[in-house]
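Data from target-v4.txt: compact mmCIF, C-alpha atoms
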# COMPACT_ATOMS: atom_id res chain seq x y z
CA MET A 1 0.00 0.00 0.00
CA VAL A 2 1.45 3.34 -1.07
CA ALA A 3 0.82 6.36 1.13
CA LYS A 4 -0.46 9.59 -0.35
CA VAL A 5 2.38 11.98 -1.01
CA PRO A 6 1.87 15.74 -0.77
CA THR A 7 2.57 17.52 -4.03
CA PRO A 8 5.10 20.34 -4.12
CA GLY A 9 3.85 23.83 -4.87
CA CYS A 10 5.59 24.29 -8.20
CA PHE A 11 5.54 23.21 -11.84
CA LEU A 12 4.99 19.45 -11.96
CA ASN A 13 6.45 16.88 -14.26
CA THR A 14 7.05 13.18 -13.72
CA MET A 15 10.60 13.67 -12.46
CA ILE A 16 9.46 16.13 -9.78
CA MET A 17 6.66 13.83 -8.71
CA ARG A 18 9.02 10.84 -8.54
CA ASP A 19 11.58 12.81 -6.54
CA ASN A 20 8.91 14.09 -4.17
CA PHE A 21 7.70 10.50 -3.64
CA LYS A 22 11.26 9.36 -2.89
CA ARG A 23 11.80 12.22 -0.42
CA HIS A 24 8.57 11.40 1.40
CA MET A 25 9.24 7.66 1.60
CA ALA A 26 12.88 8.16 2.65
CA ALA A 27 11.79 10.49 5.44
CA GLU A 28 9.24 7.93 6.67
CA ALA A 29 11.72 5.04 6.68
CA GLU A 30 14.71 6.95 8.04
CA ALA A 31 14.24 5.97 11.70
CA GLU A 32 13.79 2.29 10.87
CA ARG A 33 16.82 2.25 8.55
CA ARG A 34 19.01 3.92 11.19
CA ALA A 35 17.92 1.43 13.85
CA LEU A 36 18.59 -1.53 11.56
CA LYS A 37 22.00 -0.17 10.59
CA TYR A 38 22.89 0.33 14.24
CA ILE A 39 21.96 -3.27 15.01
CA ALA A 40 23.72 -4.63 11.93
CA TYR A 41 27.03 -2.88 12.66
CA ASN A 42 27.04 -3.27 16.45
CA MET A 43 29.47 -6.04 17.39
CA THR A 44 28.00 -6.49 20.88
CA VAL A 45 24.66 -7.67 19.48
CA PRO A 46 24.29 -11.43 18.86
CA VAL A 47 25.18 -12.61 15.36
CA ARG A 48 21.67 -13.88 14.63
CA ALA A 49 20.10 -10.46 15.33
CA ARG A 50 22.75 -8.73 13.21
CA ILE A 51 22.08 -11.01 10.26
CA GLN A 52 18.32 -10.50 10.58
CA ALA A 53 18.84 -6.72 10.60
CA GLN A 54 21.02 -6.97 7.50
CA LEU A 55 18.37 -9.05 5.73
CA ARG A 56 15.63 -6.56 6.59
CA LEU A 57 17.81 -3.72 5.31
CA ALA A 58 18.45 -5.59 2.08
CA THR A 59 14.76 -6.29 1.50
CA MET A 60 13.64 -2.70 2.04
CA PRO A 61 12.71 -0.90 -1.21
CA ASN A 62 15.33 1.27 -2.89
CA TYR A 63 13.20 4.41 -2.68
CA THR A 64 13.54 4.38 1.12
CA ARG A 65 17.23 5.29 0.80
CA MET A 66 18.34 8.90 1.00
CA ASN A 67 20.83 8.22 -1.81
CA GLN A 68 17.89 7.96 -4.21
CA VAL A 69 16.87 11.57 -3.54
CA LYS A 70 18.19 14.09 -6.06
CA ASN A 71 18.31 17.86 -5.69
CA ARG A 72 15.86 19.44 -8.12
CA CYS A 73 14.96 23.02 -8.91
CA VAL A 74 11.66 23.98 -7.28
CA VAL A 75 10.81 26.33 -10.14
CA SER A 76 11.69 24.41 -13.29
CA GLY A 77 12.33 20.85 -12.07
CA LYS A 78 15.83 20.67 -13.55
CA GLY A 79 18.19 18.20 -11.91
CA ARG A 80 21.51 19.77 -12.84
CA ALA A 81 23.33 22.86 -11.60
CA VAL A 82 21.05 23.24 -8.57
CA LEU A 83 22.18 25.61 -5.83
CA SER A 84 21.26 23.70 -2.67
CA GLU A 85 20.93 26.82 -0.48
CA PHE A 86 18.14 28.21 -2.67
CA LYS A 87 16.87 24.94 -4.23
CA MET A 88 16.98 26.63 -7.61
CA SER A 89 18.88 25.94 -10.81
CA ARG A 90 21.60 28.42 -11.67
CA HIS A 91 19.52 29.94 -14.48
CA GLN A 92 16.41 30.43 -12.32
CA PHE A 93 18.60 31.80 -9.51
CA ARG A 94 20.16 34.32 -11.86
CA MET A 95 16.78 35.47 -13.18
CA ALA A 96 15.31 35.79 -9.67
CA ALA A 97 18.38 37.67 -8.41
CA GLN A 98 18.25 40.12 -11.33
CA ASN A 99 14.57 40.78 -10.69
CA GLY A 100 15.23 41.36 -6.97
CA GLU A 101 13.05 38.45 -5.86
CA LEU A 102 15.67 36.94 -3.52
CA PRO A 103 16.13 38.88 -0.27
CA GLY A 104 19.74 39.48 0.67
CA VAL A 105 21.08 38.60 -2.79
CA LYS A 106 22.35 41.32 -5.03
CA ARG A 107 24.26 41.30 -8.26
CA ALA A 108 28.02 41.43 -7.92
CA THR A 109 29.60 44.39 -9.67
CA TRP A 110 33.20 45.50 -9.62
Encoding of this model in structure tokens:
Amino acid sequence: MVAKVPTPGCFLNTMIMRDNFKRHMAAEAEAERRALKYIAYNMTVPVRARIQAQLRLATMPNYTRMNQVKNRCVVSGKGRAVLSEFKMSRHQFRMAAQNGELPGVKRATW
């Protein structure tokens, strides 16, 4: 059963929807994955419990991993050249900065 995923408030395409789904599912499974990793790598835990934790980690879906999440521009949905501080691609950042839409950002002149 797949949980309902909130949609982002921007232009939507399939890549944005897929990335949003991965972010939501990774956030839900983060606590469980951390607990299983702790058990699997802890040498004081019995071997049987460590192996069971490793098996459960291996059988979890790939979209529950944070490595599957990719930074995407919130305006255009591009996956390359994204400035992580603003969550915008470099082109959208430049346009917004020129229009004065980003507080505290001004064009560099020398």
Could you jot down the atom CA of A:His24 to atom CA of A:Leu12 separation for me, Å, one decimal place?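 These atoms are spaced 16.0 Å apart.
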Which one of A:His91, A:Phe86, A:Asn20, A:Met15 sits closest to A:Gly104 if you count all atoms listed in the file?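 Using all atoms listed in the file, the shortest distance to A:Gly104 belongs to A:Phe86.
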Which of A:Arg94, A:Arg65, A:Tyr38, A:Lys78 sits closest to A:Thr14 [using only C-alpha atoms]: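 Checking each candidate against A:Thr14, we get A:Lys78 as the closest.
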To one decimal place in Å, what is the distance between atom CA of A:Ser76 and atom CA of A:Pro103?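 Answer for the atom CA of A:Ser76 to atom CA of A:Pro103 separation: 20.0 Å.
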At what distance in Å, to one decimal, does atom CA of A:Tyr63 lie from atom CA of A:Ala31? 14.5 Å
Pick out the closest residue to A:Ala29 from this set: A:Asn99, A:Asn62, A:Ser89, A:Ser84. Count only C-alpha atoms.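 Of A:Asn99, A:Asn62, A:Ser89, A:Ser84, the one nearest A:Ala29, counting only C-alpha atoms, is A:Asn62.
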Return the single residue from A:Arg107, A:Val82, A:Cys73, A:Gln68 that is closest to A:Met25, with distances computed using only C-alpha atoms.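 Selected residue with least distance to A:Met25: A:Gln68.
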In terms of the shortest atom-to-atom distance over all atoms listed in the file, which of A:Val45, A:Met60, A:Ile51, A:Met95 is closest to A:Val75?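 Result for the nearest residue to A:Val75: A:Met95.
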